[in-house]
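A.B. asks: Okay, here's the structure, questions in a sec.
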Amino acid sequence: QVQLVESGGGLVQAGGSLTLSCTASGSIFSIYVMGWHRQAPGGECELVARIRSGTVVEYADYVKGRFTISKENGKDTIHLQMNSLKPEDTAVYYCNAYVANWGREYWGQGTQVTVSS
């Protein structure tokens, strides 16, 4: 069916930057929405940023001005540029995509982002 593979997580000091990447592969005709969620220890899974219909971008309030989501033209690959990272950004970040031809959402395995103070 569809696989999502994330990369780019790691350990960074507060104020630093990281870039996450996610590539979708498999039987894909059209992806309606593709983006990132995160889950901190003991917390709920929450939206970070997503791209809808390839161009409409949405961010959670707590990352606006610090994170930038982008999609590579003609590819099912997105990136999340994370700047000015804070310890509270520490979480497992999950890529997800709603694949229109399958009519369902797919999730990656997650990548750990740890921000030290």
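Each chain in the structure tokens gets a letter, A, B and so on, in the order shown; residues start at 1 in every chain, and ligands are counted from 1 in the order they appear.
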Based on DSSP run over this structure's backbone, return all residues of chain A in strand (DSSP E or B), as an NGL selection string.
C.D. replies: :A and (2-7 or 10-13 or 18-26 or 31-39 or 45-52 or 56-59 or 67-71 or 77-82 or 91-99 or 104-107 or 111-116)
A.B. asks: So that I have them on file, write out the residues from the current selection with C-alpha atoms, as a PDB file, in the first residue's frame.
C.D. replies:
ATOM      1  CA  VAL A   2       1.694   3.170   1.258  1.00  0.00           C
ATOM      2  CA  GLN A   3       4.759   3.722   3.398  1.00  0.00           C
ATOM      3  CA  LEU A   4       5.953   6.920   5.036  1.00  0.00           C
ATOM      4  CA  VAL A   5       9.599   7.181   6.024  1.00  0.00           C
ATOM      5  CA  GLU A   6      10.837  10.014   8.243  1.00  0.00           C
ATOM      6  CA  SER A   7      14.368  11.204   8.841  1.00  0.00           C
ATOM      7  CA  GLY A  10      18.058  14.120  16.838  1.00  0.00           C
ATOM      8  CA  LEU A  11      19.374  16.036  19.808  1.00  0.00           C
ATOM      9  CA  VAL A  12      19.842  19.794  19.650  1.00  0.00           C
ATOM     10  CA  GLN A  13      20.358  22.598  22.143  1.00  0.00           C
ATOM     11  CA  LEU A  18      16.662  20.707  12.823  1.00  0.00           C
ATOM     12  CA  THR A  19      15.076  19.666   9.553  1.00  0.00           C
ATOM     13  CA  LEU A  20      12.765  16.682   9.343  1.00  0.00           C
ATOM     14  CA  SER A  21      11.968  14.973   6.057  1.00  0.00           C
ATOM     15  CA  CYS A  22       9.262  12.516   5.071  1.00  0.00           C
ATOM     16  CA  THR A  23       8.820  10.587   1.854  1.00  0.00           C
ATOM     17  CA  ALA A  24       5.715   8.658   0.906  1.00  0.00           C
ATOM     18  CA  SER A  25       6.010   5.675  -1.407  1.00  0.00           C
ATOM     19  CA  GLY A  26       3.811   2.881  -2.705  1.00  0.00           C
ATOM     20  CA  ILE A  31      -2.181  12.825  -1.541  1.00  0.00           C
ATOM     21  CA  TYR A  32      -4.738  15.317  -0.219  1.00  0.00           C
ATOM     22  CA  VAL A  33      -2.991  16.299   3.009  1.00  0.00           C
ATOM     23  CA  MET A  34       0.519  15.634   4.229  1.00  0.00           C
ATOM     24  CA  GLY A  35       2.049  16.894   7.417  1.00  0.00           C
ATOM     25  CA  TRP A  36       3.497  16.442  10.874  1.00  0.00           C
ATOM     26  CA  HIS A  37       2.121  15.660  14.291  1.00  0.00           C
ATOM     27  CA  ARG A  38       4.026  15.230  17.513  1.00  0.00           C
ATOM     28  CA  GLN A  39       3.598  13.492  20.838  1.00  0.00           C
ATOM     29  CA  CYS A  45      -0.682  13.624  19.717  1.00  0.00           C
ATOM     30  CA  GLU A  46      -1.012  17.150  18.340  1.00  0.00           C
ATOM     31  CA  LEU A  47      -0.829  18.786  14.940  1.00  0.00           C
ATOM     32  CA  VAL A  48       2.367  20.659  14.137  1.00  0.00           C
ATOM     33  CA  ALA A  49       1.954  21.633  10.486  1.00  0.00           C
ATOM     34  CA  ARG A  50       0.410  20.314   7.297  1.00  0.00           C
ATOM     35  CA  ILE A  51       0.043  21.034   3.605  1.00  0.00           C
ATOM     36  CA  ARG A  52      -3.332  20.545   1.951  1.00  0.00           C
ATOM     37  CA  VAL A  56      -2.425  25.361   1.515  1.00  0.00           C
ATOM     38  CA  VAL A  57      -0.294  25.465   4.641  1.00  0.00           C
ATOM     39  CA  GLU A  58      -1.499  25.276   8.221  1.00  0.00           C
ATOM     40  CA  TYR A  59       0.546  25.630  11.429  1.00  0.00           C
ATOM     41  CA  PHE A  67       8.750  26.123  11.843  1.00  0.00           C
ATOM     42  CA  THR A  68       8.323  25.980   8.078  1.00  0.00           C
ATOM     43  CA  ILE A  69       6.742  23.111   6.187  1.00  0.00           C
ATOM     44  CA  SER A  70       7.486  22.637   2.508  1.00  0.00           C
ATOM     45  CA  LYS A  71       6.805  20.117  -0.222  1.00  0.00           C
ATOM     46  CA  THR A  77       8.236  14.440   0.026  1.00  0.00           C
ATOM     47  CA  ILE A  78       7.830  17.108   2.669  1.00  0.00           C
ATOM     48  CA  HIS A  79      10.252  18.845   4.976  1.00  0.00           C
ATOM     49  CA  LEU A  80       9.832  20.560   8.310  1.00  0.00           C
ATOM     50  CA  GLN A  81      12.428  23.209   9.024  1.00  0.00           C
ATOM     51  CA  MET A  82      12.443  23.814  12.762  1.00  0.00           C
ATOM     52  CA  ALA A  91       8.612  14.901  21.242  1.00  0.00           C
ATOM     53  CA  VAL A  92       8.319  12.087  18.760  1.00  0.00           C
ATOM     54  CA  TYR A  93       7.393  13.654  15.439  1.00  0.00           C
ATOM     55  CA  TYR A  94       5.176  11.664  13.109  1.00  0.00           C
ATOM     56  CA  CYS A  95       4.630  12.220   9.418  1.00  0.00           C
ATOM     57  CA  ASN A  96       1.137  11.487   8.146  1.00  0.00           C
ATOM     58  CA  ALA A  97      -0.625  11.632   4.817  1.00  0.00           C
ATOM     59  CA  TYR A  98      -4.196  11.252   3.617  1.00  0.00           C
ATOM     60  CA  VAL A  99      -3.935   9.271   0.393  1.00  0.00           C
ATOM     61  CA  ARG A 104      -7.390   6.688   4.426  1.00  0.00           C
ATOM     62  CA  GLU A 105      -4.591   8.174   6.446  1.00  0.00           C
ATOM     63  CA  TYR A 106      -1.128   6.680   6.803  1.00  0.00           C
ATOM     64  CA  TRP A 107       1.485   7.328   9.485  1.00  0.00           C
ATOM     65  CA  THR A 111      11.390  10.315  14.693  1.00  0.00           C
ATOM     66  CA  GLN A 112      12.604  11.582  18.061  1.00  0.00           C
ATOM     67  CA  VAL A 113      13.425  15.250  18.513  1.00  0.00           C
ATOM     68  CA  THR A 114      15.061  16.195  21.797  1.00  0.00           C
ATOM     69  CA  VAL A 115      15.833  19.803  22.690  1.00  0.00           C
ATOM     70  CA  SER A 116      18.119  20.319  25.668  1.00  0.00           C
TER      71      SER A 116
END
A.B. asks: What separation in Å, quoted to one decimal, exists between atom CA of A:Asn73 and atom CA of A:Ser17?
C.D. replies: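 These two atoms are separated by 23.5 Å.
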A.B. asks: Would you mind listing what lies within 8 Å of A:Ser84 as an MDAnalysis selection string, with only C-alpha atoms counted and same-chain residues fewer than 6 positions away left out?
C.D. replies: chainID A and resid 14:17 66
